[in-house]
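*Asks:* Sharing a structure with you now.
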Amino acid sequence: MYISITKTTHPGTLLPSDQLGFGIHYTDHMFIMDYSDEKGWYDPRIVPFQNISLSPAACVFHYGAEVFEGLKAYRRPDGEVQLFRPWDNMERMKNSAIRLGLPVVPPEDALEAVKALVKVDERWVPSDPGTSLYIRPFLYGTDAKLGLHGVHTAQFIIILSPVGSYFDNGMEPVKIIVETEDVRAIRGGTGEAKCGGNYGASNRAGERAFANGYSQVLWLDGVEHKYVEEGGGMNVVFKINGRIITPMLTGSILPGVTRRSCLQLFEDWGMPVEERLISVDELFEAAANGTLEEAMCVGTAAVICPIGELTYEGKAYTINNFQTGPLAQKLYDTLTGIQWGTQPDPHGWTCKV
Ligand SMILES: *Cc1c(COP(=O)(O)O)cnc(C)c1O
């Protein structure tokens, strides 16, 4: 794929890492590529970061024709920049696009575009501990027709955001509430696709939780409201009475790259994992009788986020004295060690840019 590059004439000023926040600041450039049924994907280009212009009738605005990805580039101690399992993200974007009826960006082209853009904006990859460059590829339909006739024109864009440590003091346990009214996804719906529409459906519950002092919700399955599925934008892992349990991928859960990596690490460590249905009753029985040793959310943004308090139907339970547990700590240290290149990478998960 030949990618044309137009450099900005106004390069931005790098910010000190304590002012980065998460997903607020953007780099100098973006990648963009167009699609039509006739031409396929065409005109891949890196251009100065800029606004986009679309017809107000574009189907992305009316019918939610959008999918996205989220991954990071990390500054290694030797100064080089690397990505973490980017193939998995590009493969997932393909699956998401198929589910939404959007044209597929060939995963190898998407990865080439990510690498090319990160290379152009390499100076934006921060180096302080816990910082990284968040990469947001997204794909949407642009057909300017209000009739429902599928997607025949589309755009694929990648933007980059230097991000700080998700938490100020390493890992901070958070408070989470089980959502009992709204549902995020159902089997056969779009729960296993990474699409903006899922977040549209989640916003109300997320904001309600936030207003009440919780950092996010824990979703239950959409049919029986009985089985635990995942957190707001992160998968979940529990340790109950010495056993590690994570909800199985039923079709309504997002298959996280971090989740998959944790499962591999558990295997490496000889720790058996139960990937199965876990009911909210089982979880809260364990919380009540003290056998819920650890609970955590896992995802690219925060890596590992210990759950210090869980609330369900008005009852709050503290987990592990609101402290980061040894399992969460070990996962965090190992994953971040591999991601930032300070630890060996036995599974070949990283890839230099
Ligand atoms: C992105 C996302 C995750 C986490 O996936 P990772 O690949 O680990 O970042 C989990 N749940 C939802 C709903 C997501 O959108």
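Simple scheme: letters A, B, ... for chains in structure tokens order, numbers from 1 for residues in each chain, numbers from 1 for ligands in the order shown.
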Mind dumping a table of every segment 98-181 of chain A residue within 12 Å of segment 338-345 of chain A, with the nearest atom pair and its distance in Å to one decimal, using only C-alpha atoms, sorted by chain and rising number, as a tab-separated table?
*Replies:*
```
residue	atom	partner	partner_atom	distance
A:Val125	CA	A:Trp340	CA	11.6
A:Pro126	CA	A:Trp340	CA	11.2
A:Ser127	CA	A:Trp340	CA	9.4
A:Asp128	CA	A:Trp340	CA	10.5
A:Pro129	CA	A:Trp340	CA	8.9
A:Gly130	CA	A:Trp340	CA	8.7
A:Thr131	CA	A:Trp340	CA	9.4
A:Ser132	CA	A:Trp340	CA	8.8
A:Leu133	CA	A:Trp340	CA	11.5
```
*Asks:* May I have a table of the residues of chain A lying at most 6 Å from ligand 1, giving each one's closest pair of atoms and their distance in Å to one decimal, counting only C-alpha atoms and all ligand atoms, ordered by chain and ascending residue number, as JSON lines?
*Replies:*
```
{"residue": "A:Lys194", "atom": "CA", "partner": "ligand 1", "partner_atom_place_in_ligand_line": "15 (O)", "distance": 5.4}
{"residue": "A:Gly233", "atom": "CA", "partner": "ligand 1", "partner_atom_place_in_ligand_line": "12 (C)", "distance": 3.7}
{"residue": "A:Met234", "atom": "CA", "partner": "ligand 1", "partner_atom_place_in_ligand_line": "10 (C)", "distance": 3.5}
{"residue": "A:Asn235", "atom": "CA", "partner": "ligand 1", "partner_atom_place_in_ligand_line": "10 (C)", "distance": 4.8}
{"residue": "A:Leu254", "atom": "CA", "partner": "ligand 1", "partner_atom_place_in_ligand_line": "11 (N)", "distance": 4.9}
{"residue": "A:Gly256", "atom": "CA", "partner": "ligand 1", "partner_atom_place_in_ligand_line": "5 (O)", "distance": 3.4}
{"residue": "A:Val257", "atom": "CA", "partner": "ligand 1", "partner_atom_place_in_ligand_line": "7 (O)", "distance": 3.7}
{"residue": "A:Thr258", "atom": "CA", "partner": "ligand 1", "partner_atom_place_in_ligand_line": "8 (O)", "distance": 3.7}
{"residue": "A:Arg259", "atom": "CA", "partner": "ligand 1", "partner_atom_place_in_ligand_line": "8 (O)", "distance": 5.7}
{"residue": "A:Gly299", "atom": "CA", "partner": "ligand 1", "partner_atom_place_in_ligand_line": "8 (O)", "distance": 3.6}
{"residue": "A:Thr300", "atom": "CA", "partner": "ligand 1", "partner_atom_place_in_ligand_line": "9 (O)", "distance": 3.7}
```
*Asks:* For the structure I just gave you, how does DSSP split segment 86-297 of chain A - specifically, which residues are helix (DSSP H, G or I)? Reply as a ChimeraX atom specification.
*Replies:* /A:86-100,107-120,122-124,196-211,257-268,280-288
*Asks:* Per DSSP on the backbone, what are the strand (DSSP E) residues of segment 111-340 of chain A, as a tab-separated table (two decimals) with N, CA, C and O atoms, in the first residue's frame?
*Replies:*
```tsv
chain	number	residue	atom	x	y	z
A	132	SER	N	1.82	6.49	27.38
A	132	SER	CA	1.86	5.79	26.09
A	132	SER	C	1.15	6.64	25.05
A	132	SER	O	0.64	7.72	25.35
A	133	LEU	N	1.15	6.13	23.83
A	133	LEU	CA	0.42	6.82	22.75
A	133	LEU	C	-0.79	5.97	22.41
A	133	LEU	O	-0.66	4.86	21.91
A	134	TYR	N	-1.97	6.48	22.72
A	134	TYR	CA	-3.20	5.74	22.44
A	134	TYR	C	-3.54	5.88	20.95
A	134	TYR	O	-3.48	6.98	20.39
A	135	ILE	N	-3.86	4.76	20.33
A	135	ILE	CA	-4.13	4.72	18.89
A	135	ILE	C	-5.60	4.39	18.68
A	135	ILE	O	-6.09	3.38	19.17
A	136	ARG	N	-6.31	5.26	17.97
A	136	ARG	CA	-7.73	5.06	17.75
A	136	ARG	C	-8.04	4.96	16.24
A	136	ARG	O	-8.22	5.97	15.58
A	137	PRO	N	-8.07	3.73	15.71
A	137	PRO	CA	-8.55	3.54	14.35
A	137	PRO	C	-10.08	3.49	14.36
A	137	PRO	O	-10.67	2.94	15.30
A	138	PHE	N	-10.73	4.06	13.37
A	138	PHE	CA	-12.20	3.93	13.28
A	138	PHE	C	-12.65	4.00	11.83
A	138	PHE	O	-11.98	4.54	10.97
A	139	LEU	N	-13.81	3.42	11.62
A	139	LEU	CA	-14.30	3.16	10.27
A	139	LEU	C	-15.80	3.42	10.27
A	139	LEU	O	-16.51	2.97	11.16
A	140	TYR	N	-16.28	4.19	9.28
A	140	TYR	CA	-17.70	4.53	9.30
A	140	TYR	C	-18.24	4.68	7.88
A	140	TYR	O	-17.50	4.98	6.94
A	141	GLY	N	-19.54	4.52	7.73
A	141	GLY	CA	-20.20	4.66	6.44
A	141	GLY	C	-20.48	6.13	6.16
A	141	GLY	O	-20.84	6.90	7.06
A	153	THR	N	-20.15	3.53	0.60
A	153	THR	CA	-18.98	4.40	0.67
A	153	THR	C	-18.61	4.55	2.14
A	153	THR	O	-19.49	4.54	3.02
A	154	ALA	N	-17.31	4.62	2.41
A	154	ALA	CA	-16.88	4.65	3.80
A	154	ALA	C	-15.54	5.36	3.92
A	154	ALA	O	-14.88	5.66	2.91
A	155	GLN	N	-15.16	5.63	5.17
A	155	GLN	CA	-13.84	6.18	5.46
A	155	GLN	C	-13.23	5.44	6.63
A	155	GLN	O	-13.95	5.00	7.53
A	156	PHE	N	-11.91	5.31	6.57
A	156	PHE	CA	-11.15	4.71	7.66
A	156	PHE	C	-10.12	5.74	8.11
A	156	PHE	O	-9.38	6.28	7.30
A	157	ILE	N	-10.14	6.05	9.39
A	157	ILE	CA	-9.26	7.09	9.93
A	157	ILE	C	-8.51	6.53	11.14
A	157	ILE	O	-9.03	5.66	11.85
A	158	ILE	N	-7.30	7.02	11.36
A	158	ILE	CA	-6.56	6.70	12.59
A	158	ILE	C	-6.10	8.02	13.20
A	158	ILE	O	-5.51	8.85	12.49
A	159	ILE	N	-6.40	8.21	14.48
A	159	ILE	CA	-5.87	9.37	15.20
A	159	ILE	C	-5.06	8.86	16.40
A	159	ILE	O	-5.24	7.71	16.84
A	160	LEU	N	-4.19	9.70	16.91
A	160	LEU	CA	-3.28	9.32	17.99
A	160	LEU	C	-3.38	10.32	19.14
A	160	LEU	O	-3.46	11.52	18.89
A	161	SER	N	-3.33	9.81	20.35
A	161	SER	CA	-3.42	10.68	21.52
A	161	SER	C	-2.39	10.27	22.57
A	161	SER	O	-2.46	9.14	23.08
A	162	PRO	N	-1.44	11.15	22.88
A	162	PRO	CA	-0.51	10.81	23.97
A	162	PRO	C	-1.28	10.80	25.29
A	162	PRO	O	-2.05	11.72	25.56
A	163	VAL	N	-1.14	9.72	26.05
A	163	VAL	CA	-1.93	9.59	27.28
A	163	VAL	C	-1.04	9.36	28.49
A	163	VAL	O	0.03	8.75	28.39
A	174	VAL	N	-11.46	0.79	42.42
A	174	VAL	CA	-12.61	1.64	42.09
A	174	VAL	C	-13.90	1.02	42.63
A	174	VAL	O	-13.94	-0.16	42.99
A	175	LYS	N	-14.93	1.86	42.68
A	175	LYS	CA	-16.26	1.40	43.09
A	175	LYS	C	-17.10	1.15	41.85
A	175	LYS	O	-17.14	1.98	40.94
A	176	ILE	N	-17.78	0.04	41.85
A	176	ILE	CA	-18.57	-0.35	40.69
A	176	ILE	C	-19.97	-0.78	41.11
A	176	ILE	O	-20.15	-1.37	42.19
A	177	ILE	N	-20.97	-0.44	40.29
A	177	ILE	CA	-22.35	-0.83	40.61
A	177	ILE	C	-22.91	-1.73	39.52
A	177	ILE	O	-22.68	-1.49	38.33
A	178	VAL	N	-23.61	-2.77	39.94
A	178	VAL	CA	-24.24	-3.67	38.98
A	178	VAL	C	-25.47	-2.96	38.39
A	178	VAL	O	-26.32	-2.47	39.13
A	216	GLN	N	-17.77	2.98	37.17
A	216	GLN	CA	-18.46	2.39	36.02
A	216	GLN	C	-19.47	1.35	36.48
A	216	GLN	O	-19.61	1.09	37.67
A	217	VAL	N	-20.18	0.78	35.51
A	217	VAL	CA	-21.17	-0.24	35.85
A	217	VAL	C	-20.63	-1.62	35.54
A	217	VAL	O	-19.68	-1.78	34.77
A	218	LEU	N	-21.24	-2.61	36.18
A	218	LEU	CA	-21.00	-4.01	35.81
A	218	LEU	C	-22.27	-4.47	35.10
A	218	LEU	O	-23.37	-4.42	35.67
A	219	TRP	N	-22.12	-4.88	33.85
A	219	TRP	CA	-23.28	-5.27	33.05
A	219	TRP	C	-23.68	-6.71	33.29
A	219	TRP	O	-22.83	-7.59	33.44
A	220	LEU	N	-24.99	-6.93	33.29
A	220	LEU	CA	-25.52	-8.29	33.33
A	220	LEU	C	-26.01	-8.67	31.94
A	220	LEU	O	-26.20	-7.80	31.09
A	228	VAL	N	-23.11	-12.20	34.95
A	228	VAL	CA	-22.20	-11.07	34.86
A	228	VAL	C	-21.52	-11.09	33.49
A	228	VAL	O	-21.05	-12.15	33.05
A	229	GLU	N	-21.47	-9.93	32.81
A	229	GLU	CA	-20.84	-9.91	31.49
A	229	GLU	C	-19.51	-9.15	31.49
A	229	GLU	O	-18.46	-9.73	31.32
A	230	GLU	N	-19.56	-7.84	31.69
A	230	GLU	CA	-18.31	-7.07	31.69
A	230	GLU	C	-18.53	-5.70	32.29
A	230	GLU	O	-19.64	-5.33	32.65
A	231	GLY	N	-17.43	-4.93	32.38
A	231	GLY	CA	-17.51	-3.57	32.90
A	231	GLY	C	-17.84	-2.60	31.77
A	231	GLY	O	-18.14	-3.01	30.65
A	235	ASN	N	-13.24	-5.90	30.34
A	235	ASN	CA	-13.68	-7.23	30.76
A	235	ASN	C	-13.43	-7.38	32.26
A	235	ASN	O	-12.77	-6.54	32.87
A	236	VAL	N	-13.96	-8.46	32.85
A	236	VAL	CA	-13.80	-8.65	34.30
A	236	VAL	C	-13.22	-10.03	34.62
A	236	VAL	O	-13.45	-11.00	33.91
A	237	VAL	N	-12.46	-10.05	35.71
A	237	VAL	CA	-11.86	-11.28	36.22
A	237	VAL	C	-12.09	-11.31	37.73
A	237	VAL	O	-11.94	-10.29	38.39
A	238	PHE	N	-12.48	-12.48	38.25
A	238	PHE	CA	-12.71	-12.63	39.69
A	238	PHE	C	-11.85	-13.75	40.24
A	238	PHE	O	-11.51	-14.68	39.53
A	239	LYS	N	-11.51	-13.61	41.53
A	239	LYS	CA	-10.88	-14.72	42.24
A	239	LYS	C	-11.76	-15.06	43.43
A	239	LYS	O	-11.94	-14.23	44.33
A	240	ILE	N	-12.35	-16.25	43.35
A	240	ILE	CA	-13.28	-16.68	44.41
A	240	ILE	C	-12.73	-17.96	45.02
A	240	ILE	O	-12.57	-18.97	44.32
A	243	ARG	N	-10.10	-19.74	43.20
A	243	ARG	CA	-10.34	-20.06	41.79
A	243	ARG	C	-10.49	-18.79	40.96
A	243	ARG	O	-11.16	-17.85	41.37
A	244	ILE	N	-9.85	-18.80	39.79
A	244	ILE	CA	-9.96	-17.63	38.91
A	244	ILE	C	-11.11	-17.87	37.93
A	244	ILE	O	-11.18	-18.92	37.29
A	245	ILE	N	-12.00	-16.89	37.85
A	245	ILE	CA	-13.20	-17.04	37.02
A	245	ILE	C	-13.36	-15.80	36.16
A	245	ILE	O	-13.23	-14.67	36.64
A	246	THR	N	-13.64	-16.00	34.87
A	246	THR	CA	-13.99	-14.88	34.01
A	246	THR	C	-15.18	-15.29	33.15
A	246	THR	O	-15.29	-16.45	32.74
A	247	PRO	N	-16.12	-14.35	32.92
A	247	PRO	CA	-17.29	-14.70	32.10
A	247	PRO	C	-16.85	-15.23	30.74
A	247	PRO	O	-15.94	-14.70	30.12
A	273	VAL	N	-8.07	-21.49	34.96
A	273	VAL	CA	-9.08	-20.44	34.87
A	273	VAL	C	-10.40	-21.08	34.46
A	273	VAL	O	-10.44	-21.95	33.60
A	274	GLU	N	-11.47	-20.65	35.08
A	274	GLU	CA	-12.80	-21.09	34.68
A	274	GLU	C	-13.41	-19.99	33.81
A	274	GLU	O	-13.71	-18.91	34.28
A	275	GLU	N	-13.56	-20.30	32.52
A	275	GLU	CA	-14.26	-19.41	31.60
A	275	GLU	C	-15.67	-19.94	31.50
A	275	GLU	O	-15.90	-20.96	30.84
A	276	ARG	N	-16.60	-19.29	32.17
A	276	ARG	CA	-17.95	-19.86	32.24
A	276	ARG	C	-18.95	-18.77	32.59
A	276	ARG	O	-18.59	-17.62	32.78
A	292	LEU	N	-14.87	-13.85	48.00
A	292	LEU	CA	-14.50	-13.07	46.82
A	292	LEU	C	-13.18	-12.35	47.15
A	292	LEU	O	-13.17	-11.29	47.76
A	293	GLU	N	-12.08	-12.99	46.78
A	293	GLU	CA	-10.77	-12.48	47.20
A	293	GLU	C	-10.34	-11.26	46.39
A	293	GLU	O	-9.77	-10.31	46.92
A	294	GLU	N	-10.58	-11.33	45.08
A	294	GLU	CA	-10.22	-10.21	44.22
A	294	GLU	C	-11.22	-10.08	43.09
A	294	GLU	O	-11.78	-11.08	42.64
A	295	ALA	N	-11.39	-8.86	42.63
A	295	ALA	CA	-12.20	-8.61	41.43
A	295	ALA	C	-11.49	-7.49	40.68
A	295	ALA	O	-10.93	-6.58	41.29
A	296	MET	N	-11.48	-7.57	39.36
A	296	MET	CA	-10.79	-6.54	38.60
A	296	MET	C	-11.37	-6.41	37.20
A	296	MET	O	-11.93	-7.37	36.65
A	297	CYS	N	-11.23	-5.20	36.65
A	297	CYS	CA	-11.55	-4.97	35.25
A	297	CYS	C	-10.24	-4.99	34.48
A	297	CYS	O	-9.20	-4.57	35.00
A	298	VAL	N	-10.27	-5.49	33.25
A	298	VAL	CA	-9.06	-5.56	32.45
A	298	VAL	C	-9.34	-5.02	31.04
A	298	VAL	O	-10.31	-5.38	30.41
A	299	GLY	N	-8.48	-4.09	30.58
A	299	GLY	CA	-8.65	-3.51	29.26
A	299	GLY	C	-7.44	-2.66	28.89
A	299	GLY	O	-6.61	-2.35	29.76
A	303	VAL	N	-5.27	-1.05	31.73
A	303	VAL	CA	-4.60	-2.35	31.91
A	303	VAL	C	-5.38	-3.20	32.93
A	303	VAL	O	-6.19	-4.01	32.54
A	304	ILE	N	-5.11	-2.99	34.22
A	304	ILE	CA	-5.81	-3.73	35.27
A	304	ILE	C	-6.39	-2.71	36.25
A	304	ILE	O	-5.69	-1.82	36.71
A	305	CYS	N	-7.64	-2.86	36.55
A	305	CYS	CA	-8.30	-1.91	37.44
A	305	CYS	C	-8.99	-2.70	38.55
A	305	CYS	O	-10.04	-3.30	38.33
A	306	PRO	N	-8.39	-2.74	39.76
A	306	PRO	CA	-8.99	-3.53	40.83
A	306	PRO	C	-10.35	-2.95	41.24
A	306	PRO	O	-10.52	-1.74	41.27
A	307	ILE	N	-11.29	-3.82	41.53
A	307	ILE	CA	-12.60	-3.37	42.03
A	307	ILE	C	-12.54	-3.45	43.56
A	307	ILE	O	-12.37	-4.53	44.12
A	308	GLY	N	-12.65	-2.29	44.20
A	308	GLY	CA	-12.54	-2.24	45.66
A	308	GLY	C	-13.89	-2.36	46.35
A	308	GLY	O	-13.99	-2.71	47.52
A	309	GLU	N	-14.95	-2.02	45.60
A	309	GLU	CA	-16.29	-2.10	46.18
A	309	GLU	C	-17.31	-2.40	45.09
A	309	GLU	O	-17.27	-1.80	44.02
A	310	LEU	N	-18.20	-3.34	45.37
A	310	LEU	CA	-19.23	-3.74	44.40
A	310	LEU	C	-20.59	-3.51	45.03
A	310	LEU	O	-20.84	-3.93	46.17
A	311	THR	N	-21.49	-2.88	44.28
A	311	THR	CA	-22.83	-2.63	44.79
A	311	THR	C	-23.87	-3.31	43.90
A	311	THR	O	-23.78	-3.26	42.68
A	312	TYR	N	-24.84	-3.94	44.55
A	312	TYR	CA	-25.92	-4.60	43.81
A	312	TYR	C	-27.20	-4.44	44.61
A	312	TYR	O	-27.25	-4.76	45.79
A	315	LYS	N	-26.95	-2.86	48.09
A	315	LYS	CA	-25.98	-3.37	49.07
A	315	LYS	C	-24.57	-3.26	48.52
A	315	LYS	O	-24.31	-3.71	47.41
A	316	ALA	N	-23.68	-2.66	49.34
A	316	ALA	CA	-22.30	-2.50	48.90
A	316	ALA	C	-21.39	-3.47	49.67
A	316	ALA	O	-21.55	-3.66	50.87
A	317	TYR	N	-20.48	-4.09	48.94
A	317	TYR	CA	-19.52	-5.00	49.56
A	317	TYR	C	-18.11	-4.53	49.25
A	317	TYR	O	-17.80	-4.24	48.10
A	318	THR	N	-17.28	-4.48	50.28
A	318	THR	CA	-15.87	-4.14	50.07
A	318	THR	C	-15.11	-5.41	49.71
A	318	THR	O	-15.36	-6.47	50.26
```
*Asks:* Can you tell me how far atom CA of Arg75 of chain A sits from atom CA of Val353 of chain A, in Å to one decimal?
*Replies:*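 Here the two named atoms are 10.4 Å from each other.
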*Asks:* Near Ala58 of chain A, counting only C-alpha atoms, which residues have an atom at most 6 Å away, once you skip same-chain residues fewer than 3 positions from it, shown as a count of residues only?
*Replies:* 5
*Asks:* When you look at Ser252 of chain A with a cut-off of 10 Å (counting only C-alpha atoms), what residues show up, excluding the ones that are within fewer than 4 positions of it in the same chain? I need them as a list in words.
*Replies:*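 Returned residues: Arg184, Ala185, Ile186, Arg187, Gly188, Gly189, Thr190, Gly191, Glu192, Ala193, Asp221, Gly222, Glu229, Glu230 and Met248 of chain A.
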*Asks:* Looking at A:Ser279, A:Ser96, A:Thr6, A:Asn198, which one is nearest to Gly64 of chain A, with distances taken over only C-alpha atoms?
*Replies:*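 For Gly64 of chain A, the nearest of the candidates is A:Asn198.
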*Asks:* With a distance cut-off of 8 Å and only C-alpha atoms, select the neighbouring residues of Phe84 of chain A, excluding the residue or stretch itself and same-chain residues fewer than 2 positions from it, and output the selection as a list of chain:residue names.
*Replies:*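 Here the qualifying residues turn out to be A:Leu71, A:Lys72, A:Ala73, A:Gln82, A:Pro86, A:Gln339, A:Trp349, A:Thr350, A:Cys351.
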*Asks:* For the residues in that selection, give me all heavy atoms as an mmCIF file, in the first residue's frame.
*Replies:*
```
data_model
loop_
_atom_site.group_PDB
_atom_site.id
_atom_site.type_symbol
_atom_site.label_atom_id
_atom_site.label_comp_id
_atom_site.auth_asym_id
_atom_site.auth_seq_id
_atom_site.Cartn_x
_atom_site.Cartn_y
_atom_site.Cartn_z
ATOM 1 N N LEU A 71 -5.727 0.747 20.804
ATOM 2 C CA LEU A 71 -4.481 0.069 21.179
ATOM 3 C C LEU A 71 -3.459 1.150 21.509
ATOM 4 O O LEU A 71 -3.775 2.339 21.436
ATOM 5 C CB LEU A 71 -3.996 -0.873 20.077
ATOM 6 C CG LEU A 71 -3.575 -0.327 18.712
ATOM 7 C CD1 LEU A 71 -2.734 -1.374 17.991
ATOM 8 C CD2 LEU A 71 -4.770 0.006 17.833
ATOM 9 N N LYS A 72 -2.267 0.723 21.901
ATOM 10 C CA LYS A 72 -1.279 1.715 22.341
ATOM 11 C C LYS A 72 0.102 1.445 21.757
ATOM 12 O O LYS A 72 0.453 0.292 21.489
ATOM 13 C CB LYS A 72 -1.149 1.686 23.872
ATOM 14 C CG LYS A 72 -2.302 2.325 24.633
ATOM 15 C CD LYS A 72 -2.122 2.049 26.119
ATOM 16 C CE LYS A 72 -3.074 2.858 26.987
ATOM 17 N NZ LYS A 72 -2.940 2.440 28.407
ATOM 18 N N ALA A 73 0.868 2.524 21.593
ATOM 19 C CA ALA A 73 2.298 2.412 21.290
ATOM 20 C C ALA A 73 3.059 2.816 22.547
ATOM 21 O O ALA A 73 2.672 3.759 23.234
ATOM 22 C CB ALA A 73 2.670 3.330 20.125
ATOM 23 N N GLN A 82 7.132 0.424 20.447
ATOM 24 C CA GLN A 82 6.523 -0.847 20.080
ATOM 25 C C GLN A 82 5.021 -0.865 20.323
ATOM 26 O O GLN A 82 4.480 -0.099 21.112
ATOM 27 C CB GLN A 82 7.206 -2.007 20.803
ATOM 28 C CG GLN A 82 7.004 -2.048 22.303
ATOM 29 C CD GLN A 82 7.794 -3.184 22.950
ATOM 30 O OE1 GLN A 82 8.744 -3.717 22.369
ATOM 31 N NE2 GLN A 82 7.410 -3.568 24.159
ATOM 32 N N PRO A 86 -0.962 -5.844 18.041
ATOM 33 C CA PRO A 86 -1.803 -5.044 17.128
ATOM 34 C C PRO A 86 -2.572 -5.900 16.131
ATOM 35 O O PRO A 86 -3.634 -5.497 15.668
ATOM 36 C CB PRO A 86 -0.791 -4.143 16.410
ATOM 37 C CG PRO A 86 0.498 -4.893 16.469
ATOM 38 C CD PRO A 86 0.474 -5.619 17.804
ATOM 39 N N GLN A 339 4.607 -4.733 27.784
ATOM 40 C CA GLN A 339 4.184 -3.634 26.904
ATOM 41 C C GLN A 339 5.255 -2.554 26.780
ATOM 42 O O GLN A 339 5.499 -2.031 25.691
ATOM 43 C CB GLN A 339 2.865 -3.039 27.432
ATOM 44 C CG GLN A 339 1.690 -3.992 27.204
ATOM 45 C CD GLN A 339 0.450 -3.634 27.982
ATOM 46 O OE1 GLN A 339 0.499 -2.922 28.994
ATOM 47 N NE2 GLN A 339 -0.695 -4.137 27.532
ATOM 48 N N TRP A 349 4.307 -10.935 21.624
ATOM 49 C CA TRP A 349 3.124 -10.070 21.578
ATOM 50 C C TRP A 349 3.454 -8.670 21.062
ATOM 51 O O TRP A 349 2.568 -7.941 20.631
ATOM 52 C CB TRP A 349 2.517 -9.957 22.980
ATOM 53 C CG TRP A 349 1.725 -11.165 23.385
ATOM 54 C CD1 TRP A 349 1.221 -12.120 22.561
ATOM 55 C CD2 TRP A 349 1.337 -11.531 24.725
ATOM 56 N NE1 TRP A 349 0.530 -13.055 23.293
ATOM 57 C CE2 TRP A 349 0.591 -12.716 24.610
ATOM 58 C CE3 TRP A 349 1.547 -10.971 25.996
ATOM 59 C CZ2 TRP A 349 0.043 -13.357 25.746
ATOM 60 C CZ3 TRP A 349 1.001 -11.591 27.098
ATOM 61 C CH2 TRP A 349 0.269 -12.781 26.983
ATOM 62 N N THR A 350 4.718 -8.284 21.192
ATOM 63 C CA THR A 350 5.040 -6.899 20.823
ATOM 64 C C THR A 350 5.635 -6.845 19.421
ATOM 65 O O THR A 350 6.132 -7.838 18.910
ATOM 66 C CB THR A 350 6.025 -6.266 21.829
ATOM 67 O OG1 THR A 350 7.205 -7.068 21.847
ATOM 68 C CG2 THR A 350 5.420 -6.199 23.213
ATOM 69 N N CYS A 351 5.562 -5.676 18.838
ATOM 70 C CA CYS A 351 6.060 -5.496 17.484
ATOM 71 C C CYS A 351 6.568 -4.077 17.352
ATOM 72 O O CYS A 351 5.864 -3.122 17.695
ATOM 73 C CB CYS A 351 4.923 -5.881 16.546
ATOM 74 S SG CYS A 351 4.338 -4.775 15.341
#
```
*Asks:* Go through A:Leu146, A:Asn289, A:Ser165, A:Phe266 and flag the residue nearest His62 of chain A, using only C-alpha atoms for the distances.
*Replies:* A:Leu146
*Asks:* Which of these, A:Ile52, A:Leu331, A:Met171, A:Leu265, has the shortest distance to Ala302 of chain A once you count only C-alpha atoms?
*Replies:*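 Checking each candidate against Ala302 of chain A, we get A:Met171 as the closest.
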*Asks:* In Å, how far is it from atom CA of Lys39 of chain A to atom CA of Pro56 of chain A?
*Replies:*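 Here the two named atoms are 23.1 Å from each other.
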*Asks:* Skipping near chain neighbours, those fewer than 3 positions away, what residues fall within 8 Å of Lys352 of chain A using only C-alpha atoms, listed as a list in words?
*Replies:*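 Result of the neighbour search: Glu80, Val81, Gln82 and Leu83 of chain A.
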